[in-house]
file target26.cif (mmCIF, C-alpha atoms)
data_protein
#
loop_
_atom_site.label_atom_id
_atom_site.label_comp_id
_atom_site.auth_asym_id
_atom_site.auth_seq_id
_atom_site.Cartn_x
_atom_site.Cartn_y
_atom_site.Cartn_z
CA MET A 1 89.65 108.39 115.35
CA ASN A 2 87.75 110.92 113.25
CA PRO A 3 88.30 111.19 109.45
CA GLU A 4 90.49 114.27 109.81
CA GLU A 5 92.79 112.54 112.28
CA LEU A 6 92.90 109.50 110.04
CA ASN A 7 93.93 111.67 107.06
CA GLN A 8 96.67 113.33 109.12
CA LEU A 9 97.94 109.91 110.14
CA LEU A 10 97.90 108.67 106.55
CA ASP A 11 99.89 111.71 105.45
CA SER A 12 102.41 111.64 108.26
CA VAL A 13 103.39 107.97 108.30
CA GLU A 14 105.97 106.96 105.69
CA VAL A 15 106.27 103.39 104.42
CA PRO A 16 109.87 102.48 103.57
CA LEU A 17 110.30 101.38 99.98
CA LEU A 18 113.30 99.53 98.64
CA SER A 19 113.89 98.85 94.96
CA ILE A 20 116.41 96.25 93.83
CA THR A 21 117.50 96.12 90.19
CA PRO A 22 119.88 93.52 88.75
CA LEU A 23 122.63 94.89 86.52
CA TYR A 24 124.28 92.69 83.88
CA CYS A 25 127.43 93.15 81.76
CA LEU A 26 128.87 95.45 84.43
CA VAL A 27 132.53 95.47 85.45
CA THR A 28 133.53 97.32 88.61
CA ASP A 29 136.49 97.56 90.97
CA ALA A 30 134.48 97.71 94.20
CA ASP A 31 132.14 95.45 96.15
CA GLU A 32 130.01 98.47 96.96
CA ILE A 33 129.70 101.84 95.24
CA VAL A 34 127.77 104.49 97.12
CA LEU A 35 126.14 106.85 94.63
CA THR A 36 124.07 108.81 97.16
CA ASP A 37 122.85 108.23 100.70
CA LYS A 38 119.88 106.39 99.16
CA VAL A 39 121.43 104.67 96.16
CA THR A 40 124.15 102.04 96.12
CA ILE A 41 125.50 99.47 93.68
CA THR A 42 126.75 96.22 95.22
CA ARG A 43 128.41 93.19 93.75
CA PHE A 44 125.81 90.41 93.69
CA SER A 45 125.83 87.66 96.28
CA GLU A 46 123.04 85.27 97.24
CA GLU A 47 123.54 86.31 100.88
CA GLN A 48 122.05 89.70 100.07
CA MET A 49 118.80 88.12 98.98
CA LYS A 50 118.26 85.98 102.09
CA PHE A 51 115.93 88.52 103.68
CA LEU A 52 113.42 87.76 100.93
CA GLY A 53 113.22 84.07 101.87
CA GLU A 54 114.21 80.93 99.99
CA ASP A 55 111.04 80.70 97.95
CA ASP A 56 110.81 84.29 96.84
CA ARG A 57 110.34 84.44 93.09
CA PHE A 58 112.73 87.38 92.58
CA ALA A 59 115.50 85.70 94.61
CA ARG A 60 115.02 82.45 92.70
CA HIS A 61 115.18 84.37 89.43
CA LEU A 62 118.49 85.96 90.42
CA ARG A 63 119.92 82.59 91.41
CA LEU A 64 119.05 81.33 87.96
CA TYR A 65 120.22 84.37 86.00
CA THR A 66 122.98 85.79 88.16
CA PRO A 67 123.70 89.49 87.65
CA GLN A 68 127.12 91.04 88.24
CA CYS A 69 125.67 93.72 90.50
CA LEU A 70 122.51 95.01 92.16
CA LEU A 71 121.30 98.59 92.28
CA TRP A 72 119.62 99.41 95.61
CA GLU A 73 117.45 102.47 95.98
CA ARG A 74 115.85 103.36 99.30
CA SER A 75 112.90 105.74 99.41
CA SER A 76 109.45 105.88 100.96
CA VAL A 77 105.81 106.53 100.16
CA SER A 78 103.16 107.99 102.42
CA LEU A 79 100.75 105.59 104.06
CA LYS A 80 98.05 107.26 101.96
CA GLN A 81 99.88 106.38 98.72
CA PHE A 82 100.48 102.88 100.00
CA LYS A 83 96.79 102.48 100.87
CA ARG A 84 95.75 103.76 97.42
CA MET A 85 98.06 101.30 95.71
CA ALA A 86 96.79 98.38 97.79
CA GLU A 87 93.19 99.33 97.06
CA GLY A 88 94.01 99.64 93.35
CA SER A 89 95.54 96.17 93.32
CA VAL A 90 92.52 94.65 95.09
CA ALA A 91 90.10 96.37 92.69
CA LEU A 92 92.04 95.18 89.66
CA ALA A 93 92.24 91.62 91.02
CA THR A 94 88.51 91.60 91.71
CA GLU A 95 87.72 92.99 88.27
CA ARG A 96 89.78 90.29 86.60
CA GLY A 97 88.73 87.51 88.94
CA ILE A 98 92.27 86.60 89.92
CA ASP A 99 93.79 85.68 93.24
CA LEU A 100 95.88 88.39 94.92
CA GLY A 101 98.75 85.94 95.21
CA ASP A 102 98.96 85.81 91.43
CA ASP A 103 100.63 88.34 89.20
CA ILE A 104 98.53 91.30 88.25
CA LEU A 105 99.49 92.62 84.86
CA ARG A 106 99.00 96.35 84.82
CA GLY A 107 101.21 97.62 82.02
CA SER A 108 98.72 96.68 79.34
CA ASP A 109 95.94 98.43 81.24
CA GLY A 110 97.41 101.85 80.63
CA ARG A 111 96.55 102.76 84.20
CA THR A 112 98.78 104.88 86.34
CA SER A 113 100.00 103.00 89.34
CA ALA A 114 100.45 104.76 92.66
CA LEU A 115 104.05 103.67 92.24
CA HIS A 116 104.39 105.69 89.06
CA SER A 117 106.58 108.47 90.44
CA GLN A 118 108.91 106.03 92.18
CA VAL A 119 109.21 103.95 89.02
CA ASN A 120 109.92 107.02 86.89
CA GLN A 121 112.60 108.16 89.32
CA LEU A 122 114.27 104.77 89.03
CA ILE A 123 113.95 104.80 85.24
CA LEU A 124 115.74 108.16 85.02
CA LEU A 125 118.54 106.89 87.23
CA LEU A 126 118.95 103.75 85.12
CA ARG A 127 118.87 105.73 81.88
CA ALA A 128 121.51 108.08 83.24
CA LEU A 129 123.71 105.10 84.05
CA GLN A 130 123.19 103.65 80.58
CA LEU A 131 123.83 106.91 78.76
CA CYS A 132 126.61 108.44 80.82
CA ARG A 133 129.35 106.32 79.33
CA ARG A 134 130.23 104.02 76.48
CA GLY A 135 129.10 100.40 76.71
CA ARG A 136 126.08 98.22 77.13
CA LEU A 137 124.61 98.08 80.61
CA VAL A 138 121.83 95.50 80.67
CA VAL A 139 119.16 96.15 83.27
CA GLY A 140 116.91 93.38 84.56
CA ASP A 141 113.45 93.53 86.10
CA SER A 142 113.23 95.45 89.37
CA LEU A 143 111.72 94.38 92.65
CA PHE A 144 109.89 96.94 94.77
CA TYR A 145 109.81 95.89 98.39
CA PHE A 146 107.74 97.56 101.07
CA SER A 147 108.72 96.96 104.63
CA GLU A 148 106.99 97.94 107.86
CA PRO A 149 104.75 99.64 108.62
CA PRO A 150 102.68 97.71 107.70
CA SER A 151 104.88 94.67 107.26
CA ARG A 152 104.45 93.22 103.81
CA SER A 153 106.33 92.97 100.58
CA HIS A 154 105.07 93.77 97.14
CA ASN A 155 106.61 92.81 93.83
CA CYS A 156 106.75 94.99 90.79
CA ALA A 157 108.58 94.38 87.54
CA LEU A 158 109.78 96.73 84.85
CA TYR A 159 110.15 94.89 81.60
CA GLY A 160 112.80 95.65 79.05
CA HIS A 161 113.49 99.29 78.65
CA ASP A 162 110.12 100.44 77.55
CA TYR A 163 109.83 100.70 81.30
CA GLY A 164 106.18 99.83 81.18
CA LEU A 165 104.94 98.78 84.58
CA SER A 166 104.01 95.22 83.84
CA ASP A 167 103.62 93.33 87.06
CA CYS A 168 102.43 94.92 90.23
CA MET B 1 114.25 90.83 78.29
CA ASP B 2 115.73 87.48 77.29
CA TYR B 3 117.64 86.33 80.38
CA GLN B 4 118.94 83.18 78.69
CA ILE B 5 120.79 85.28 76.14
CA VAL B 6 122.08 87.83 78.64
CA GLU B 7 124.10 85.09 80.35
CA GLN B 8 126.17 84.81 77.19
CA TYR B 9 126.99 88.51 77.04
CA ARG B 10 130.54 89.50 77.85
CA PRO B 11 131.29 92.25 80.39
CA HIS B 12 130.72 95.41 78.49
CA TYR B 13 130.18 98.39 80.77
CA GLU B 14 132.69 99.62 83.30
CA PHE B 15 131.78 101.68 86.34
CA ASN B 16 134.36 102.08 89.09
CA SER B 17 134.35 103.78 92.46
CA ALA B 18 136.38 106.67 91.02
CA ASP B 19 133.61 107.38 88.50
CA VAL B 20 131.02 108.38 91.11
CA ARG B 21 131.74 112.12 91.13
CA ASP B 22 131.57 112.40 87.33
CA PHE B 23 128.41 110.34 87.26
CA LEU B 24 126.67 112.51 89.83
CA THR B 25 127.56 115.66 87.91
CA PHE B 26 126.21 114.04 84.76
CA TYR B 27 123.09 112.80 86.58
CA VAL B 28 122.19 116.28 87.85
CA ARG B 29 122.54 117.77 84.35
CA PHE B 30 120.69 114.83 82.84
CA LEU B 31 117.75 115.36 85.23
CA GLU B 32 117.69 119.11 84.52
CA VAL B 33 117.68 118.50 80.77
CA SER B 34 115.10 115.68 81.02
CA LEU B 35 112.68 118.01 82.79
CA THR B 36 112.81 120.56 79.97
CA ILE B 37 112.37 118.14 77.06
CA GLU B 38 109.35 116.17 78.21
CA GLU B 39 107.32 117.65 75.35
CA TYR B 40 109.40 115.92 72.69
CA PRO B 41 108.22 112.33 72.13
CA GLU B 42 110.98 111.81 69.57
CA ILE B 43 113.59 112.01 72.32
CA GLU B 44 111.65 109.61 74.53
CA LEU B 45 111.41 107.20 71.58
CA ALA B 46 115.14 107.51 70.88
CA VAL B 47 116.16 106.86 74.48
CA SER B 48 113.78 103.93 74.96
CA ARG B 49 114.99 102.31 71.70
CA TYR B 50 118.61 102.81 72.72
CA CYS B 51 117.95 101.18 76.10
CA LYS B 52 115.94 98.38 74.50
CA GLU B 53 118.82 97.58 72.17
CA ALA B 54 121.14 97.45 75.18
CA ALA B 55 118.96 94.76 76.72
CA GLN B 56 118.48 92.81 73.50
CA HIS B 57 121.90 93.06 71.97
CA GLY B 58 122.14 92.88 68.22
CA ASP B 59 119.25 94.87 66.88
CA VAL B 60 120.48 97.49 64.43
CA VAL B 61 116.88 98.51 63.76
CA ASP B 62 116.35 99.90 67.26
CA LEU B 63 119.48 102.06 67.06
CA MET B 64 118.61 103.35 63.60
CA ILE B 65 115.07 104.20 64.69
CA SER B 66 116.61 106.05 67.59
CA LEU B 67 118.78 108.15 65.25
CA GLU B 68 116.02 108.70 62.70
CA SER B 69 113.54 109.91 65.29
CA LEU B 70 116.00 112.54 66.47
CA LEU B 71 117.48 113.78 63.23
CA VAL B 72 115.18 113.15 60.26
CA PRO B 73 111.61 114.40 60.54
CA GLU B 74 111.38 114.30 56.72
CA GLU B 75 110.08 111.22 54.92
CA GLU B 76 112.32 111.33 51.86
CA GLY B 77 116.03 110.95 51.33
CA ILE B 78 116.40 109.55 54.82
CA ALA B 79 119.63 107.58 54.33
CA PHE B 80 121.60 110.55 53.02
CA LYS B 81 120.16 113.12 55.42
CA LEU B 82 120.61 110.88 58.42
CA SER B 83 124.24 110.03 57.54
CA GLN B 84 125.04 113.68 56.89
CA ARG B 85 123.45 114.96 60.10
CA VAL B 86 124.97 112.27 62.31
CA ALA B 87 128.36 113.03 60.77
CA ASN B 88 128.08 116.73 61.49
CA LEU B 89 126.75 116.58 65.03
CA PRO B 90 129.49 114.67 66.87
CA GLY B 91 132.08 114.80 64.05
CA LEU B 92 134.80 117.19 65.23
CA ASP B 93 137.02 116.90 62.15
CA ALA B 94 136.60 116.10 58.46
CA ASN B 95 138.06 112.59 58.69
CA TYR B 96 135.79 111.59 61.56
CA ARG B 97 132.79 113.10 59.78
CA GLU B 98 133.56 111.07 56.68
CA GLU B 99 133.93 107.90 58.76
CA LEU B 100 130.63 108.56 60.54
CA PHE B 101 128.88 109.28 57.25
CA LYS B 102 129.98 105.95 55.75
CA LYS B 103 129.17 103.95 58.86
CA VAL B 104 125.68 105.34 59.26
CA LYS B 105 124.93 104.95 55.56
CA ASP B 106 126.04 101.30 55.73
CA PHE B 107 123.95 100.71 58.82
CA TYR B 108 120.97 102.32 57.19
CA GLY B 109 121.33 99.82 54.34
CA LEU B 110 121.56 96.96 56.80
CA ARG B 111 118.54 98.27 58.69
CA SER B 112 116.51 98.40 55.46
CA ARG B 113 117.50 94.89 54.45
CA THR B 114 116.70 93.59 57.96
CA VAL B 115 113.30 95.27 57.94
CA HIS B 116 112.56 93.84 54.49
CA GLY B 117 113.60 90.34 55.47
CA ALA B 118 116.91 89.93 53.60
CA THR B 119 119.22 87.25 54.98
CA LYS B 120 122.43 87.88 52.99
CA VAL B 121 125.00 90.22 54.50
CA ARG B 122 127.89 91.89 52.72
CA PRO B 123 131.52 91.21 53.77
CA ARG B 124 131.78 94.65 55.45
CA GLU B 125 129.04 93.59 57.82
CA ILE B 126 130.61 90.34 58.98
CA ASN B 127 132.03 91.79 62.20
CA LEU B 128 128.58 92.93 63.16
CA GLY B 129 129.17 92.79 66.92
CA GLN B 130 131.99 95.34 66.80
CA GLN B 131 130.12 97.52 64.35
CA LEU B 132 127.03 97.46 66.54
CA ASP B 133 129.16 98.60 69.46
CA ASP B 134 130.31 101.51 67.29
CA LEU B 135 126.77 102.33 66.23
CA ARG B 136 125.57 102.17 69.84
CA GLU B 137 128.25 104.69 70.82
CA ILE B 138 127.36 106.97 67.91
CA THR B 139 123.71 106.77 68.96
CA ARG B 140 124.56 107.55 72.58
CA LYS B 141 126.47 110.66 71.54
CA VAL B 142 123.70 111.82 69.23
CA ILE B 143 121.01 111.30 71.89
CA LEU B 144 122.95 113.33 74.46
CA SER B 145 123.75 116.03 71.90
CA VAL B 146 120.14 116.41 70.79
CA MET B 147 118.92 116.38 74.40
CA ALA B 148 121.24 119.28 75.21
CA LEU B 149 120.26 121.26 72.10
CA ALA B 150 116.54 120.60 72.56
CA ALA B 151 116.70 121.70 76.19
CA GLU B 152 118.32 124.95 75.09
CA SER B 153 116.31 125.88 72.00
CA GLY B 154 113.60 123.29 71.32
CA MET B 155 113.06 120.88 68.45
CA GLY B 156 110.78 122.72 66.05
CA GLN B 157 111.30 123.28 62.31
CA GLU B 158 114.26 125.52 63.08
CA PHE B 159 116.06 122.53 64.53
CA ALA B 160 115.88 120.66 61.22
CA LEU B 161 117.09 123.79 59.42
CA LEU B 162 120.02 124.11 61.80
CA LEU B 163 120.95 120.48 61.12
CA ASN B 164 121.03 121.28 57.41
CA ASP B 165 122.90 124.56 57.75
CA MET B 166 125.59 123.12 59.99
CA CYS B 167 126.70 120.89 57.10
CA PHE B 168 127.79 123.95 55.12
CA ASP B 169 128.77 126.45 57.79
CA ASP B 170 131.87 125.57 59.82
CA ASP B 171 131.31 128.27 62.43
CA LEU B 172 127.72 127.20 62.98
CA ARG B 173 128.79 123.57 63.27
CA THR B 174 131.48 124.40 65.82
CA SER B 175 129.05 126.50 67.83
CA LEU B 176 126.35 123.79 67.78
CA GLN B 177 128.83 121.09 68.72
CA ALA B 178 129.97 123.14 71.70
CA ARG B 179 126.38 123.61 72.89
CA ALA B 180 125.57 119.96 72.25
CA ALA B 181 128.49 118.80 74.40
CA LEU B 182 126.82 119.71 77.71
CA LEU B 183 126.16 116.04 78.54
CA LEU B 184 129.13 114.60 76.69
CA ARG B 185 131.94 115.82 78.93
CA PHE B 186 132.03 112.82 81.23
#

call {"tool": "encode", "arguments": {"input": "target26.cif", "output": "structure tokens"}}
result
Amino acid sequence: MNPEELNQLLDSVEVPLLSITPLYCLVTDADEIVLTDKVTITRFSEEQMKFLGEDDRFARHLRLYTPQCLLWERSSVSLKQFKRMAEGSVALATERGIDLGDDILRGSDGRTSALHSQVNQLILLLRALQLCRRGRLVVGDSLFYFSEPPSRSHNCALYGHDYGLSDC
Amino acid sequence: MDYQIVEQYRPHYEFNSADVRDFLTFYVRFLEVSLTIEEYPEIELAVSRYCKEAAQHGDVVDLMISLESLLVPEEEGIAFKLSQRVANLPGLDANYREELFKKVKDFYGLRSRTVHGATKVRPREINLGQQLDDLREITRKVILSVMALAAESGMGQEFALLLNDMCFDDDLRTSLQARAALLLRF
């Protein structure tokens, strides 16, 4: 495969991206609310988290601090974006001398993650939910989950509502 | 975010299946407005402080910073100017304006004492939880009002002048309130 073909491939293949955000203090009349074809709010159940595996840190966190609901947003990034993000993570891990299995704190770096646009999109949606009506909607850290191709998951956290990307 | 504290929060925000249509209408307008006001860091600060307070319930300072950043660019006479401008922006009648003025002035006092480390609270501040809920709602309305106005005509020096003039000109106040209500109709 020549470089041009490789670039075309990287541009044409989309990697599915799922973000899951726990919502606290929320009261609703439905088990599932469909906001758009890509965004839903579901009442929390541990069953929903099984696909992550028993030992997944995010799933364990939700078992410990159970939210009322989860916000699910389905989108995708190009394979090129995905590759850039993976390379960025490896470079940062190498620079800091940490294992890739560990957390990589990026918020304090002031660097722009390849996930930036997806994170901002989610932030605007969450802010709209918080501002559209009276009351306090508490939003927990979000998980960003990449599925095939290629098959792997990747955790990201948004802390508080400064929405700084802290853990990628 | 402190997850141990969030477990103690009571249900506080209601969103039902019948609310989807209104939310989507709001969301589209919110996105349109957000795109046009990216150049105003004061709005970003106000929204992030509002959302931070939501996650860490009980911090009057965050909500007051949110209001100050939107409405008082000046460095003097903040308590009075802030109370007056908050009262006039969402206050549709004289009684409500007076109520808003008193509440914001009280909260400004509480904010100052909190910032300066005072521990004693006055009797009026005992039901702080309920009052914070009120202040959060006032802040939400002000944020959405300023977002709508800034998207329409910017936030330069003229904005501060308008905020002053609307205190004395009923027609101007009514007109500004109508324009500011773009995101408040849901």

call {"tool": "resolve_selection", "arguments": {"input": "target26.cif", "expression": "the PyMOL selection byres ((chain B) within 9 of (chain A))", "output": "ChimeraX atom specification"}}
result
/B:1-4,6-7,9-17,20-21,23-24,26-27,30-31,34,47-57,133,136-137,140-141,143-144,183-184,186

call {"tool": "resolve_selection", "arguments": {"input": "target26.cif", "expression": "the PyMOL selection byres ((chain B and resi 85) around 10)", "output": "ChimeraX atom specification"}}
result
/B:67,71-72,80-84,86-91,97,100-101,104,142,160,162-167

call {"tool": "write_last_selection", "arguments": {"input": "target26.cif", "atoms": "C-alpha atoms", "output": "tab-separated table (two decimals), in the coordinates of the input"}}
result
chain	number	residue	atom	x	y	z
B	67	LEU	CA	118.78	108.15	65.25
B	71	LEU	CA	117.48	113.78	63.23
B	72	VAL	CA	115.18	113.15	60.26
B	80	PHE	CA	121.60	110.55	53.02
B	81	LYS	CA	120.16	113.12	55.42
B	82	LEU	CA	120.61	110.88	58.42
B	83	SER	CA	124.24	110.03	57.54
B	84	GLN	CA	125.04	113.68	56.89
B	86	VAL	CA	124.97	112.27	62.31
B	87	ALA	CA	128.36	113.03	60.77
B	88	ASN	CA	128.08	116.73	61.49
B	89	LEU	CA	126.75	116.58	65.03
B	90	PRO	CA	129.49	114.67	66.87
B	91	GLY	CA	132.08	114.80	64.05
B	97	ARG	CA	132.79	113.10	59.78
B	100	LEU	CA	130.63	108.56	60.54
B	101	PHE	CA	128.88	109.28	57.25
B	104	VAL	CA	125.68	105.34	59.26
B	142	VAL	CA	123.70	111.82	69.23
B	160	ALA	CA	115.88	120.66	61.22
B	162	LEU	CA	120.02	124.11	61.80
B	163	LEU	CA	120.95	120.48	61.12
B	164	ASN	CA	121.03	121.28	57.41
B	165	ASP	CA	122.90	124.56	57.75
B	166	MET	CA	125.59	123.12	59.99
B	167	CYS	CA	126.70	120.89	57.10

call {"tool": "residues_around", "arguments": {"input": "target26.cif", "residues": "Tyr40 (chain B)", "least_positions_apart": "3", "cutoff": "12 Å", "atoms": "all atoms listed in the file", "output": "NGL selection string"}}
result
:B and (33-37 or 43-47 or 69-70 or 146-147 or 150-151 or 154-156)

call {"tool": "residues_around", "arguments": {"input": "target26.cif", "residues": "Val61 (chain B)", "least_positions_apart": "4", "cutoff": "8 Å", "atoms": "only C-alpha atoms", "output": "list in words"}}
result
Ile65, Arg111, Thr114 and Val115 of chain B

call {"tool": "write_last_selection", "arguments": {"input": "target26.cif", "atoms": "C-alpha atoms", "output": "CSV table (one decimal), keeping the file's coordinate frame"}}
result
chain,number,residue,atom,x,y,z
B,65,ILE,CA,115.1,104.2,64.7
B,111,ARG,CA,118.5,98.3,58.7
B,114,THR,CA,116.7,93.6,58.0
B,115,VAL,CA,113.3,95.3,57.9

call {"tool": "atom_distance", "arguments": {"input": "target26.cif", "atom1": "CA of Leu23 (chain A)", "atom2": "CA of Ser145 (chain B)"}}
result
25.7 Å

call {"tool": "resolve_selection", "arguments": {"input": "target26.cif", "expression": "the PyMOL selection byres ((chain B and resi 177) around 8)", "output": "list in words"}}
result
Leu89, Pro90, Leu92, Ser145, Arg173, Thr174, Ser175, Leu176, Ala178, Arg179, Ala180 and Ala181 of chain B

call {"tool": "write_last_selection", "arguments": {"input": "target26.cif", "atoms": "C-alpha atoms", "output": "PDB file, in the coordinates of the input"}}
result
ATOM      1  CA  LEU B  89     126.750 116.580  65.030  1.00  0.00           C
ATOM      2  CA  PRO B  90     129.490 114.670  66.870  1.00  0.00           C
ATOM      3  CA  LEU B  92     134.800 117.190  65.230  1.00  0.00           C
ATOM      4  CA  SER B 145     123.750 116.030  71.900  1.00  0.00           C
ATOM      5  CA  ARG B 173     128.790 123.570  63.270  1.00  0.00           C
ATOM      6  CA  THR B 174     131.480 124.400  65.820  1.00  0.00           C
ATOM      7  CA  SER B 175     129.050 126.500  67.830  1.00  0.00           C
ATOM      8  CA  LEU B 176     126.350 123.790  67.780  1.00  0.00           C
ATOM      9  CA  ALA B 178     129.970 123.140  71.700  1.00  0.00           C
ATOM     10  CA  ARG B 179     126.380 123.610  72.890  1.00  0.00           C
ATOM     11  CA  ALA B 180     125.570 119.960  72.250  1.00  0.00           C
ATOM     12  CA  ALA B 181     128.490 118.800  74.400  1.00  0.00           C
TER      13      ALA B 181
END

call {"tool": "atom_distance", "arguments": {"input": "target26.cif", "atom1": "CA of Val60 (chain B)", "atom2": "CA of Leu132 (chain B)"}}
result
6.9 Å

call {"tool": "atom_distance", "arguments": {"input": "target26.cif", "atom1": "CA of Tyr108 (chain B)", "atom2": "CA of Ala79 (chain B)"}}
result
6.1 Å
